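Q: Here you go, one structure.
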Amino acid sequence: MATAERAVALSGVATSASSSRHLYVAGAVMAGLLVLAPYVVYPVFLMKALCFALFACAFNLLIGYTGLVSFGHAAFLGSAGYASAYAAKAWGWPPELAILFGVGTAAIIGLLVGALAIRRQGIYFAMITLALAQMLYFFCLQAPAITGGEDGIQAVPRGRLLGFLDLQQTMTLYFVVLVIFLAGFLLIYRTIHSPFGQVLKSIRENEPRAVSLGYETDRYKLLAFVLSAALSGLAGGTKAIVFQLASLTDVHWTMSGEVVLTTLLGGMGTVLGPVVGAFVVVSLENYLAQLGSWVTVVQGAIFILCVLAFRRGLVGELGRLLGRPL
Amino acid sequence: MATTRLTALAVLAVSMVGAWAGPASAQWTGNMVKIGVLSDMSSLYADITGPGSVLAARMAVEDFGGKLGVPVAIVSADHQNKPDVGSNIVRQWIDRDGVDVIVDVPTSSVALAVNEIVREKNKVFLVSGAATSDLTGPKCSPNTVHWTYDTWALAHGTGSAVVKAGGDTWFFLTADYAFGHALERDTSEVVKASGGKVLGAVRHPLNTSDFSSFLLQAQASKAKIIGLANAGGDTINSIKQAAEFGVVKGGQKLAGLLVFITDVHSLGLRTAQGLLLTESFYWDLNDQTRAWSKRFAAKHDGKMPSMVQAGVYAAVTHYLKALAQTKSDEDGKAIVDKMKALPTDDPLFGKGTIRVDGRKIHPTYLFEVKSPDQTKGSWDYYKLVHAIPAAEAFRPLDQGGCPLVKK
Amino acid sequence: MFRIPPQALFGQLLLGLINGAFYALLSLGLAVIFGLLNIVNFAHGAFYMMGAFVAWFLLQYAGLGYWWALLIAPMAVGILGLVLERTLLRRLQGLDHLYGLLLTFGLALVVQGLFQNQYGSSGQPYDIPPALAGGRNLGFMFLPNYRAWVVLFSLAVCLGTWFVIERTKLGAYLRAATENATLVRAFGVDVPRLITLTYGFGVALAGLAGVLAAPIFQVSPLMGANLIIVVFAVVVVGGMGSILGAIVTGFLLGLVEGFTKVFYPEASNTVIFVIMAVVLVVRPAGLFGRAA
């Protein structure tokens with residue numbers, strides 16, 4: 001019942017070969033803009049938006065395409081951040097290995113959380129993810145030897161990528177982050193448009209029917225969960241290297257709330273939605289930083305507006321106007 | 001004769017050109033001085049720092065006048081007590097907006113992150129809000145000056161004075177995070193060194209609303225002093241509920257290890273009376289502090305300044321004095337060196353110095369909160385118990401572990 | 001960790017019970033709203049906070065004390081709830097739970113942000129009413145009179161609410177309306193109005209909890225945010241539709257937390273989530289819930 005309603009409300013439209021052409025165009029436009037952007041806009045701001053965009057895309061894989069709402073996704077972003085920061089700082093690993101370590105950590109935690117949470121549906125699934133994320137937060141708070149407590153892990157070295165790319169140079173770092181983002185984005189895109197992705201969509205639309213057709217839905221859901229967690233980990237690890245900091249903010253439940261906001265604003269179940277949503281949310285936070293708690297008010301107002309009038313999100317509405325899924 | 005006169009003329013000409021070219025060779029980035037006040041504008045510490053700190057910085061700039069010859073601008077932002085938000089803002093300010101000095105920054109975790117960025121980019125960091133003594137210890141930086149107070153000063157001020165006054169058995173109520181632990185550890189050391197005993201401690205999660213159970217344990221310990229190693233809302237709640245549970249009536253005293261006048265204001269004297277605390281500034285201390293504070297309050301809704309806000313005023317004033325001598329805002333380290341070379345003298349903290357590890361030295365004061373019948377009116381909250389001279393108020397230079405201190 | 005004499009333990013458990021009363025009162029409102037309206041009301045913490053602020057306003061600007069506040073604040077908060085349900089929440093009928101949660105989450109952010117802007121975060125002082133001040137020494141601990149009042153009053157309200165919903169005709173209509181609104185409407189019952197009133201009642205309970213909290217916790221814009229996910233967890237553990245479940249679990253959590261505060265105090269904020277994870281895996285409908 002609930003999944004059918006959600007399917008109606010979300011803008012999940014089946015893609016066909018012809019309609020995917022304009023997706024390529026849209027994707028190319030996006031990539032082009034991102035390549036040119038750092039010459040105009042402050043690159044560090046762009047990198048923050050890119051990390052969030054990757055996080056939101058990974059989250060969207062779960063909520064938009066599999067129909068699973070997770071309230072604990074910050075656990076994957078944050079734990080990968082800590083893992084990468086620790087590897088880079090305490091063990092002196094080069095950035096590519098540190099980030100991969102972060103991805104691995106997030107994937108393993110994703111496996112554990114997913115295995116427990118998949119057994120339940122709907123709001124109960126969401127609450128289990130929240131509970132487990134809270135426990136991870138508690139662990140991060142209680143283990144200052146590893147995580148630095150509320151100071152976090154600071155002064156994380158950026159190092160040299162693959163031995164020769166000096167990440168202290170902002171522009172070099174930007175293009176590395178852009179490559180990472182595009183790689184993650186492409187992976188998600190290929191996943192959505194693969195047979196595996198079709199099964200996920202069918203689970204979202206009508207799980208009992210998928211089961212009756214012989215698919216082991218639990219296994220698919222778990223795989224989607226782990227993939228989403230791993231990609232969130234990629235975002236988290238990259239973020240830790242770029243900002244040279246891993247902190248409790250990234251494992252707090254409000255971060256889980258932020259990624260939901262971002263995906264909702266951008267458009268759940270659209271390919272480009274999370275990217276647009278991430279850029280908007282990061283810009284807003286930046287712009288309104290001088291106004292203190294007005295940021296909270298604006299975020300809340302956006303939530304309300306999106307839910308009442310704008311459920312398809314920015315990209316979803318745009319897609320509807322153009323008559324094509326984005 | 002002719003050659004000498006010619007030489008003299010030449011020398012005169014060159015020196016005149018040099019004198020004329022002198023001021024023009026001052027390096028002001030962006031042709032202005034930009035001060036960035038990074039604070040908590042909306043959350044726990046907004047009343048202790050927040051918009052009041054921005055006001056204090058503005059007053060410092062106005063009072064200094066136009067002596068520099070270039071405009072001095074102030075920008076501000078809210079770091080929401082998050083190290084990543086704070087470090088992003090600082091990065092952007094320095095890289096893109098031409099900010100030359102970062103001021104205030106409460107919350108130690110943010111201050112530590114900002115410390116690293118300012119060091120890397122060779123700007124200036126004037127800390128007033130944060131408490132961690134690591135900023136002048138292992139993490140000390142040639143670009144940072146730690147003003148107002150730190151955990152060591154608070155622990156020693158309150159700890160030793162209280163023990164000397166008879167409070168020789170202690171029980172700690174500690175916020176369970178690095179800052180709370182550090183405060184507890186520093187104060188325990190002082191208590192033991194002064195001849196007292198620590199009977200126990202209980203660690204509570206950050207942002208706890210109910211302290212009844214922890215207070216019960218404190219009462220059961222029968223310690224004479226209950227040390228509150230927490231801050232902000234946790235401290236306020238602990239004090240409020242201690243009054244409810246008759247802790248003070250039962251003969252035990254509360255020692256607030258990090259309490260500000262704004263906390264006392266929000267608690268009310270009936271609840272907070274008898275509380276012992278250490279601050280380095282109080283608006284009613286002498287004529288000069290009174291005059292300045294009244295000016296501040298007139299622009300701040302009648303609210304008196306906290307020591308953090310006073311610290312912002314004093315730090316910015318001294319920074320501008322140093323700039324008047326260096327005539328440049330480019331090289332952060334050089335400016336801080338000049339700040340260390342010049343002795344400080346301002347109406348708020350009196351005479352003091354800045355040490356080589358970046359620690360600003362001035363006297364601190366042990367206060368006791370008045371009872372409702374002792375007060376003359378709003379904001380008249382403290383009576384002075386003991387003034388701690390500057391030489392004893394802060395951690396000795398050789399004990400900090402700061403790499404800048406030559407052995 | 002330390003050897004605790006049994007009397008001290010009793011004291012801690014009694015305190016835990018008192019805290020449990022708060023949790024029970026708050027989760028009751030949440031459970032009523034979810035159980036009967038299928039709305040996951042994330043704004044519950046904000047209404048709690050507003051209840052405390054109304055009590056403070058009344059004292060500050062109208063000179064009306066605690067006893068007036070107990071009456072007026074829940075009504076004020078309840079009316080606000082009615083308005084919000086009518087204008088905003090009604091449009092989400094028939095949609096996924098997720099949207100109700102997101103909308104109320106957004107509402108909570110807006111309310112909290114506005115109050116923070118206006119009042120900062122240090123909080124406002126509010127004293128215990130003189131009639132309830134002081135306390136008595138029970139031997140194993142000193143029990144403030146106000147805390148005793150809180151637990152007794154909360155218990156009375158909880159039991160009263162449970163009685164109304166489970167044992168009266170009005171409650172029967174409500175429960176029927178949840179299961180089959182069309183049918184109940186066909187019987188001539190104004191279902192939308194019933195729903196609106198129920199939402200108002202649920203948040204009024206939160207406002208009442210806020211008034212109870214004002215004298216002991218600091219009246220601050222952040223007071224709701226700290227509590228909301230704990231209260232959520234209580235409702236989930238109790239069983240999301242079950243009124244009795246919310247009440248019992250609220251008190252139970254208070255006891256468990258009290259216990260934890262003695263032996264592992266750092267974990268006292270997190271123990272509910274451990275319990276929630278375990279319960280959800282083992283018995284997903286919650287302790288008292290009906291199987292989904």
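Letters A, B, ... go to the chains of the structure tokens in the order shown; residues in each chain start at 1; ligands are counted from 1 in the same order.
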Using only C-alpha atoms, tabulate the residues of chain A lying at most 7 Å from any atom of chain C, each with its closest atom pair and that distance in Å to one decimal, by chain and increasing residue number, as CSV.

A:
```
residue,atom,partner,partner_atom,distance
A:Ala2,CA,C:Asp96,CA,5.7
A:Glu5,CA,C:Leu95,CA,6.2
A:Arg6,CA,C:Asp96,CA,5.8
A:Leu116,CA,C:Val281,CA,6.8
A:Ile128,CA,C:Ala277,CA,5.6
A:Ala131,CA,C:Phe273,CA,4.8
A:Leu132,CA,C:Ala277,CA,6.8
A:Gln134,CA,C:Phe273,CA,6.8
A:Met135,CA,C:Thr270,CA,6.6
A:Phe138,CA,C:Thr270,CA,6.8
A:Ser293,CA,C:Gly113,CA,5.3
A:Trp294,CA,C:Gly113,CA,6.2
A:Thr296,CA,C:Gly113,CA,5.3
A:Val297,CA,C:Val110,CA,4.1
A:Gly300,CA,C:Gly106,CA,3.8
A:Ala301,CA,C:Gly106,CA,6.1
A:Phe303,CA,C:Gly106,CA,5.0
A:Ile304,CA,C:Leu103,CA,5.0
A:Val307,CA,C:Leu103,CA,6.1
```

Q: Go ahead and write the residues just picked, N, CA and C atoms, as a PDB file, in the first residue's frame.

A:
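Once written, again.pdb looks like this:
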```pdb
ATOM      1  N   ALA A   2       1.730   1.279   0.990  1.00  0.00           N
ATOM      2  CA  ALA A   2       2.566   2.476   1.141  1.00  0.00           C
ATOM      3  C   ALA A   2       3.501   2.643  -0.043  1.00  0.00           C
ATOM      4  N   GLU A   5       1.686   4.036  -3.041  1.00  0.00           N
ATOM      5  CA  GLU A   5       1.454   5.479  -2.926  1.00  0.00           C
ATOM      6  C   GLU A   5       2.718   6.254  -3.202  1.00  0.00           C
ATOM      7  N   ARG A   6       3.794   5.725  -2.642  1.00  0.00           N
ATOM      8  CA  ARG A   6       5.046   6.440  -2.825  1.00  0.00           C
ATOM      9  C   ARG A   6       5.417   6.440  -4.303  1.00  0.00           C
ATOM     10  N   LEU A 116      20.652  -5.977   9.295  1.00  0.00           N
ATOM     11  CA  LEU A 116      19.675  -5.880  10.378  1.00  0.00           C
ATOM     12  C   LEU A 116      18.405  -5.171   9.938  1.00  0.00           C
ATOM     13  N   ILE A 128      15.225   1.653  12.429  1.00  0.00           N
ATOM     14  CA  ILE A 128      16.401   0.831  12.746  1.00  0.00           C
ATOM     15  C   ILE A 128      17.667   1.528  12.263  1.00  0.00           C
ATOM     16  N   ALA A 131      18.471   4.179  14.707  1.00  0.00           N
ATOM     17  CA  ALA A 131      19.010   3.660  15.971  1.00  0.00           C
ATOM     18  C   ALA A 131      20.463   3.245  15.812  1.00  0.00           C
ATOM     19  N   LEU A 132      20.762   2.542  14.725  1.00  0.00           N
ATOM     20  CA  LEU A 132      22.134   2.081  14.537  1.00  0.00           C
ATOM     21  C   LEU A 132      23.073   3.255  14.288  1.00  0.00           C
ATOM     22  N   GLN A 134      22.703   6.235  15.526  1.00  0.00           N
ATOM     23  CA  GLN A 134      22.923   6.864  16.824  1.00  0.00           C
ATOM     24  C   GLN A 134      23.971   6.116  17.628  1.00  0.00           C
ATOM     25  N   MET A 135      23.942   4.789  17.522  1.00  0.00           N
ATOM     26  CA  MET A 135      24.939   4.017  18.266  1.00  0.00           C
ATOM     27  C   MET A 135      26.333   4.273  17.715  1.00  0.00           C
ATOM     28  N   PHE A 138      27.473   7.514  19.065  1.00  0.00           N
ATOM     29  CA  PHE A 138      27.914   7.360  20.435  1.00  0.00           C
ATOM     30  C   PHE A 138      29.323   6.789  20.475  1.00  0.00           C
ATOM     31  N   SER A 293      20.609  31.698  12.933  1.00  0.00           N
ATOM     32  CA  SER A 293      19.569  30.667  12.961  1.00  0.00           C
ATOM     33  C   SER A 293      18.531  30.833  11.871  1.00  0.00           C
ATOM     34  N   TRP A 294      18.674  31.843  11.018  1.00  0.00           N
ATOM     35  CA  TRP A 294      17.765  31.906   9.878  1.00  0.00           C
ATOM     36  C   TRP A 294      17.992  30.735   8.938  1.00  0.00           C
ATOM     37  N   THR A 296      18.302  27.644   9.799  1.00  0.00           N
ATOM     38  CA  THR A 296      17.371  26.605  10.242  1.00  0.00           C
ATOM     39  C   THR A 296      15.971  26.911   9.746  1.00  0.00           C
ATOM     40  N   VAL A 297      15.571  28.164   9.891  1.00  0.00           N
ATOM     41  CA  VAL A 297      14.218  28.534   9.494  1.00  0.00           C
ATOM     42  C   VAL A 297      14.029  28.301   7.997  1.00  0.00           C
ATOM     43  N   GLY A 300      13.825  24.634   7.147  1.00  0.00           N
ATOM     44  CA  GLY A 300      12.509  24.118   7.522  1.00  0.00           C
ATOM     45  C   GLY A 300      11.443  24.544   6.527  1.00  0.00           C
ATOM     46  N   ALA A 301      11.518  25.814   6.120  1.00  0.00           N
ATOM     47  CA  ALA A 301      10.527  26.310   5.169  1.00  0.00           C
ATOM     48  C   ALA A 301      10.624  25.572   3.843  1.00  0.00           C
ATOM     49  N   PHE A 303      11.653  22.486   3.408  1.00  0.00           N
ATOM     50  CA  PHE A 303      11.048  21.174   3.635  1.00  0.00           C
ATOM     51  C   PHE A 303       9.537  21.265   3.439  1.00  0.00           C
ATOM     52  N   ILE A 304       8.948  22.238   4.144  1.00  0.00           N
ATOM     53  CA  ILE A 304       7.490  22.339   4.125  1.00  0.00           C
ATOM     54  C   ILE A 304       6.999  22.603   2.709  1.00  0.00           C
ATOM     55  N   VAL A 307       7.335  19.523   0.451  1.00  0.00           N
ATOM     56  CA  VAL A 307       6.392  18.449   0.722  1.00  0.00           C
ATOM     57  C   VAL A 307       4.995  18.831   0.263  1.00  0.00           C
TER      58      VAL A 307
END
```

Q: For the structure I just gave you, how does DSSP split segment 321-364 of chain B - specifically, which residues are alpha helix (DSSP H)? Reply as a list in words.

A: Lys321, Ala322, Leu323, Ala324, Gln325, Thr326, Gly332, Lys333, Ala334, Ile335, Val336, Asp337, Lys338, Met339, Lys340 and Ala341 of chain B

Q: Hey, can you spit out that residue selection with C-alpha atoms as a short mmCIF file (atom, residue, chain, number, x, y, z; two decimals), in the first residue's frame?

A:
```
data_model
loop_
_atom_site.label_atom_id
_atom_site.label_comp_id
_atom_site.auth_asym_id
_atom_site.auth_seq_id
_atom_site.Cartn_x
_atom_site.Cartn_y
_atom_site.Cartn_z
CA LYS B 321 48.08 49.29 17.60
CA ALA B 322 50.48 46.70 16.19
CA LEU B 323 49.31 47.44 12.65
CA ALA B 324 50.04 51.12 13.17
CA GLN B 325 53.65 50.12 13.67
CA THR B 326 54.07 47.40 11.08
CA GLY B 332 50.54 37.51 10.04
CA LYS B 333 53.56 36.27 11.90
CA ALA B 334 55.21 39.69 11.80
CA ILE B 335 52.09 41.34 13.17
CA VAL B 336 51.82 38.86 16.02
CA ASP B 337 55.51 39.34 16.79
CA LYS B 338 54.84 43.07 17.04
CA MET B 339 51.85 42.40 19.31
CA LYS B 340 54.12 40.37 21.56
CA ALA B 341 56.73 43.13 21.55
#
```

Q: Which residues are close to Thr249 of chain A, i.e. within 8 Å by only C-alpha atoms, leaving aside same-chain residues fewer than 3 positions away? Reply as a list in words.

A: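 Using only C-alpha atoms, the neighbours found are Gly78, His252 and Met255 of chain A; Lys82 and Asp84 of chain B.
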
Q: Just to be explicit: take each residue in the selection above, keep C-alpha atoms, and write the result as a PDB file, in the first residue's frame.

A:
```pdb
ATOM      1  CA  GLY A  78      30.971  10.116   8.768  1.00  0.00           C
ATOM      2  CA  HIS A 252      25.073  13.353  13.668  1.00  0.00           C
ATOM      3  CA  MET A 255      23.281  15.255   8.725  1.00  0.00           C
TER       4      MET A 255
ATOM      5  CA  LYS B  82      30.955  22.956  14.101  1.00  0.00           C
ATOM      6  CA  ASP B  84      33.860  22.008   9.505  1.00  0.00           C
TER       7      ASP B  84
END
```

Q: Find the residues in chain B near chain C: any atom within 9 Å counts, using only C-alpha atoms. Write them as number ranges by chain.

A: B: 41-48, 175-176, 202-210, 212-214, 216-217, 219-220, 232-233, 236-237, 240-241, 244-246, 262-263, 265-268, 271

Q: Write down, as number ranges by chain, each residue of chain B that has any atom within 9 Å of an atom of chain A, counting only C-alpha atoms.

A: B: 40-43, 75-80, 82-84, 87-89, 91-92, 95-96, 108-110, 112-113, 116-117, 176-179

Q: Keeping only C-alpha atoms, take the residues you just selected and write them out as a PDB file, in the first residue's frame.

A:
```pdb
ATOM      1  CA  ASP B  40      28.350  31.293  17.643  1.00  0.00           C
ATOM      2  CA  MET B  41      25.518  33.567  16.649  1.00  0.00           C
ATOM      3  CA  SER B  42      22.554  31.368  17.268  1.00  0.00           C
ATOM      4  CA  SER B  43      23.213  28.500  19.615  1.00  0.00           C
ATOM      5  CA  VAL B  75      32.659  40.885   8.649  1.00  0.00           C
ATOM      6  CA  SER B  76      31.065  38.228  10.802  1.00  0.00           C
ATOM      7  CA  ALA B  77      29.698  34.720  10.528  1.00  0.00           C
ATOM      8  CA  ASP B  78      28.147  31.945  12.556  1.00  0.00           C
ATOM      9  CA  HIS B  79      30.162  28.750  12.870  1.00  0.00           C
ATOM     10  CA  GLN B  80      27.340  26.921  14.657  1.00  0.00           C
ATOM     11  CA  LYS B  82      30.955  22.956  14.101  1.00  0.00           C
ATOM     12  CA  PRO B  83      34.622  22.655  13.149  1.00  0.00           C
ATOM     13  CA  ASP B  84      33.860  22.008   9.505  1.00  0.00           C
ATOM     14  CA  SER B  87      37.061  26.069   8.895  1.00  0.00           C
ATOM     15  CA  ASN B  88      35.138  26.483   5.632  1.00  0.00           C
ATOM     16  CA  ILE B  89      34.196  30.035   6.514  1.00  0.00           C
ATOM     17  CA  ARG B  91      39.171  29.390   4.307  1.00  0.00           C
ATOM     18  CA  GLN B  92      36.741  31.337   2.199  1.00  0.00           C
ATOM     19  CA  ASP B  95      41.207  32.966   0.105  1.00  0.00           C
ATOM     20  CA  ARG B  96      38.424  34.942  -1.428  1.00  0.00           C
ATOM     21  CA  SER B 108      37.600  24.719  21.311  1.00  0.00           C
ATOM     22  CA  SER B 109      37.196  22.215  18.502  1.00  0.00           C
ATOM     23  CA  VAL B 110      36.484  25.011  16.011  1.00  0.00           C
ATOM     24  CA  LEU B 112      41.772  24.308  16.879  1.00  0.00           C
ATOM     25  CA  ALA B 113      40.682  23.847  13.268  1.00  0.00           C
ATOM     26  CA  GLU B 116      45.678  25.298  11.627  1.00  0.00           C
ATOM     27  CA  ILE B 117      44.265  27.177   8.665  1.00  0.00           C
ATOM     28  CA  ASP B 176      31.482  13.609  28.738  1.00  0.00           C
ATOM     29  CA  TYR B 177      33.603  15.071  25.989  1.00  0.00           C
ATOM     30  CA  ALA B 178      37.241  16.082  25.590  1.00  0.00           C
ATOM     31  CA  PHE B 179      36.744  19.584  26.921  1.00  0.00           C
TER      32      PHE B 179
END
```

Q: Report as a PDB file with N, CA and C atoms, in the first residue's frame all protein, DNA and RNA residues lying within 10 Å of Ser53 of chain B, evaluated on only C-alpha atoms, omitting residues in the same chain fewer than 4 positions from it.

A:
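Saved file part-v3.pdb follows:
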```pdb
ATOM      1  N   VAL B  37      34.942  38.383  12.460  1.00  0.00           N
ATOM      2  CA  VAL B  37      34.526  37.900  13.771  1.00  0.00           C
ATOM      3  C   VAL B  37      33.740  36.616  13.563  1.00  0.00           C
ATOM      4  N   LEU B  38      34.343  35.496  13.952  1.00  0.00           N
ATOM      5  CA  LEU B  38      33.702  34.187  13.761  1.00  0.00           C
ATOM      6  C   LEU B  38      33.196  33.712  15.111  1.00  0.00           C
ATOM      7  N   SER B  39      31.888  33.509  15.212  1.00  0.00           N
ATOM      8  CA  SER B  39      31.354  33.272  16.539  1.00  0.00           C
ATOM      9  C   SER B  39      30.169  32.334  16.464  1.00  0.00           C
ATOM     10  N   ASP B  40      29.584  32.056  17.607  1.00  0.00           N
ATOM     11  CA  ASP B  40      28.350  31.293  17.643  1.00  0.00           C
ATOM     12  C   ASP B  40      27.213  32.297  17.744  1.00  0.00           C
ATOM     13  N   MET B  41      26.522  32.496  16.651  1.00  0.00           N
ATOM     14  CA  MET B  41      25.518  33.567  16.649  1.00  0.00           C
ATOM     15  C   MET B  41      24.148  33.097  17.077  1.00  0.00           C
ATOM     16  N   ALA B  46      25.686  31.966  22.083  1.00  0.00           N
ATOM     17  CA  ALA B  46      25.345  33.219  21.404  1.00  0.00           C
ATOM     18  C   ALA B  46      25.316  34.393  22.368  1.00  0.00           C
ATOM     19  N   ASP B  47      24.909  34.146  23.596  1.00  0.00           N
ATOM     20  CA  ASP B  47      24.844  35.268  24.536  1.00  0.00           C
ATOM     21  C   ASP B  47      26.205  35.627  25.110  1.00  0.00           C
ATOM     22  N   ILE B  48      27.094  34.627  25.194  1.00  0.00           N
ATOM     23  CA  ILE B  48      28.418  34.884  25.740  1.00  0.00           C
ATOM     24  C   ILE B  48      29.290  35.593  24.707  1.00  0.00           C
ATOM     25  N   THR B  49      29.115  35.222  23.443  1.00  0.00           N
ATOM     26  CA  THR B  49      29.900  35.828  22.361  1.00  0.00           C
ATOM     27  C   THR B  49      28.942  36.443  21.351  1.00  0.00           C
ATOM     28  N   ALA B  57      34.017  44.371  18.630  1.00  0.00           N
ATOM     29  CA  ALA B  57      35.027  44.622  17.600  1.00  0.00           C
ATOM     30  C   ALA B  57      34.777  45.974  16.943  1.00  0.00           C
ATOM     31  N   ARG B  58      33.514  46.246  16.688  1.00  0.00           N
ATOM     32  CA  ARG B  58      33.162  47.514  16.062  1.00  0.00           C
ATOM     33  C   ARG B  58      33.557  48.694  16.950  1.00  0.00           C
ATOM     34  N   MET B  59      33.298  48.556  18.253  1.00  0.00           N
ATOM     35  CA  MET B  59      33.664  49.625  19.192  1.00  0.00           C
ATOM     36  C   MET B  59      35.178  49.823  19.191  1.00  0.00           C
ATOM     37  N   SER B  76      31.314  39.203   9.739  1.00  0.00           N
ATOM     38  CA  SER B  76      31.065  38.228  10.802  1.00  0.00           C
ATOM     39  C   SER B  76      30.330  37.027  10.244  1.00  0.00           C
ATOM     40  N   VAL B 103      38.809  36.686  14.581  1.00  0.00           N
ATOM     41  CA  VAL B 103      38.685  37.049  15.991  1.00  0.00           C
ATOM     42  C   VAL B 103      37.587  36.223  16.656  1.00  0.00           C
ATOM     43  N   ASP B 104      37.774  35.919  17.897  1.00  0.00           N
ATOM     44  CA  ASP B 104      36.808  35.324  18.833  1.00  0.00           C
ATOM     45  C   ASP B 104      36.814  33.799  18.792  1.00  0.00           C
ATOM     46  N   VAL B 105      35.945  33.180  18.019  1.00  0.00           N
ATOM     47  CA  VAL B 105      35.845  31.723  17.879  1.00  0.00           C
ATOM     48  C   VAL B 105      35.694  30.977  19.205  1.00  0.00           C
ATOM     49  N   SER B 128      39.328  34.685  21.584  1.00  0.00           N
ATOM     50  CA  SER B 128      38.793  35.162  22.855  1.00  0.00           C
ATOM     51  C   SER B 128      37.840  34.147  23.470  1.00  0.00           C
ATOM     52  N   GLY B 129      37.053  33.479  22.629  1.00  0.00           N
ATOM     53  CA  GLY B 129      35.988  32.626  23.141  1.00  0.00           C
ATOM     54  C   GLY B 129      36.407  31.228  23.555  1.00  0.00           C
ATOM     55  N   PRO B 305      28.550  43.307  29.132  1.00  0.00           N
ATOM     56  CA  PRO B 305      29.427  42.432  28.347  1.00  0.00           C
ATOM     57  C   PRO B 305      29.947  41.258  29.169  1.00  0.00           C
ATOM     58  N   SER B 306      30.168  40.127  28.504  1.00  0.00           N
ATOM     59  CA  SER B 306      30.828  38.991  29.126  1.00  0.00           C
ATOM     60  C   SER B 306      32.325  39.181  28.949  1.00  0.00           C
ATOM     61  N   VAL B 308      34.329  37.371  27.395  1.00  0.00           N
ATOM     62  CA  VAL B 308      34.734  37.049  26.034  1.00  0.00           C
ATOM     63  C   VAL B 308      34.578  38.266  25.132  1.00  0.00           C
ATOM     64  N   GLN B 309      33.456  38.951  25.285  1.00  0.00           N
ATOM     65  CA  GLN B 309      33.224  40.134  24.454  1.00  0.00           C
ATOM     66  C   GLN B 309      34.229  41.230  24.789  1.00  0.00           C
ATOM     67  N   ALA B 310      34.540  41.366  26.084  1.00  0.00           N
ATOM     68  CA  ALA B 310      35.560  42.344  26.476  1.00  0.00           C
ATOM     69  C   ALA B 310      36.896  41.974  25.851  1.00  0.00           C
ATOM     70  N   GLY B 311      37.188  40.670  25.825  1.00  0.00           N
ATOM     71  CA  GLY B 311      38.440  40.200  25.235  1.00  0.00           C
ATOM     72  C   GLY B 311      38.538  40.540  23.763  1.00  0.00           C
ATOM     73  N   VAL B 312      37.415  40.478  23.059  1.00  0.00           N
ATOM     74  CA  VAL B 312      37.430  40.818  21.635  1.00  0.00           C
ATOM     75  C   VAL B 312      37.827  42.282  21.462  1.00  0.00           C
ATOM     76  N   TYR B 313      37.237  43.156  22.288  1.00  0.00           N
ATOM     77  CA  TYR B 313      37.563  44.589  22.197  1.00  0.00           C
ATOM     78  C   TYR B 313      39.052  44.811  22.425  1.00  0.00           C
TER      79      TYR B 313
END
```

Q: If we count only C-alpha atoms, what is near segment 257-265 of chain A at a cut-off of 9 Å, once residues fewer than 2 positions away on the same chain are taken out, given as a PyMOL selection string?

A: (chain A and resi 52-53+55-57+59-60+63-64+69-74+253-255+267-269+273-281+299+302-303+306-307+310-315) or (chain C and resi 102+105)

Q: Measuring atom to atom with only C-alpha atoms, identify which of B:His386, B:Lys299, B:His318, B:Lys224 is nearest to Leu348 of chain B.

A: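 Closest to Leu348 of chain B of all the choices is B:His318.
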
Q: Would you pick out the contacts of Leu58 of chain C at 8 Å or less, using only C-alpha atoms, so that residues sharing its chain but fewer than 6 positions from it are not included, and give the list as a list in words?

A: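 Here the qualifying residues turn out to be Leu64, Gly65 and Ala69 of chain C.
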
Q: So that I have them on file, write out the residues from the current selection with C-alpha atoms, as a short mmCIF file (atom, residue, chain, number, x, y, z; two decimals), in the first residue's frame.

A:
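Heads up, here's the output in part-v1.cif:
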```
data_model
loop_
_atom_site.label_atom_id
_atom_site.label_comp_id
_atom_site.auth_asym_id
_atom_site.auth_seq_id
_atom_site.Cartn_x
_atom_site.Cartn_y
_atom_site.Cartn_z
CA LEU C 64 -0.03 34.63 35.56
CA GLY C 65 1.65 31.88 37.47
CA ALA C 69 -0.08 28.09 32.78
#
```

Q: Using only C-alpha atoms, which of the listed residues (B:Gly69, B:Gly166, B:Gly250, B:Gly377) sits closest to Ser328 of chain B?

A: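 Closest to Ser328 of chain B of all the choices is B:Gly69.
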
Q: Rounded to one decimal in Å, what is the spacing between atom CA of Ala214 of chain C and atom CA of Ala52 of chain C?

A: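 Interatomic distance here is 5.2 Å.
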
Q: So that I can check the secondary structure, give me every residue of segment 44-289 of chain A assigned strand (DSSP E) by backbone DSSP, as a list in words.

A: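 The residues of segment 44-289 of chain A classed as strand (DSSP E) are Ile153, Gln154, Arg160, Leu161, Leu165, Asp166, Leu245 and Ala246 of chain A.
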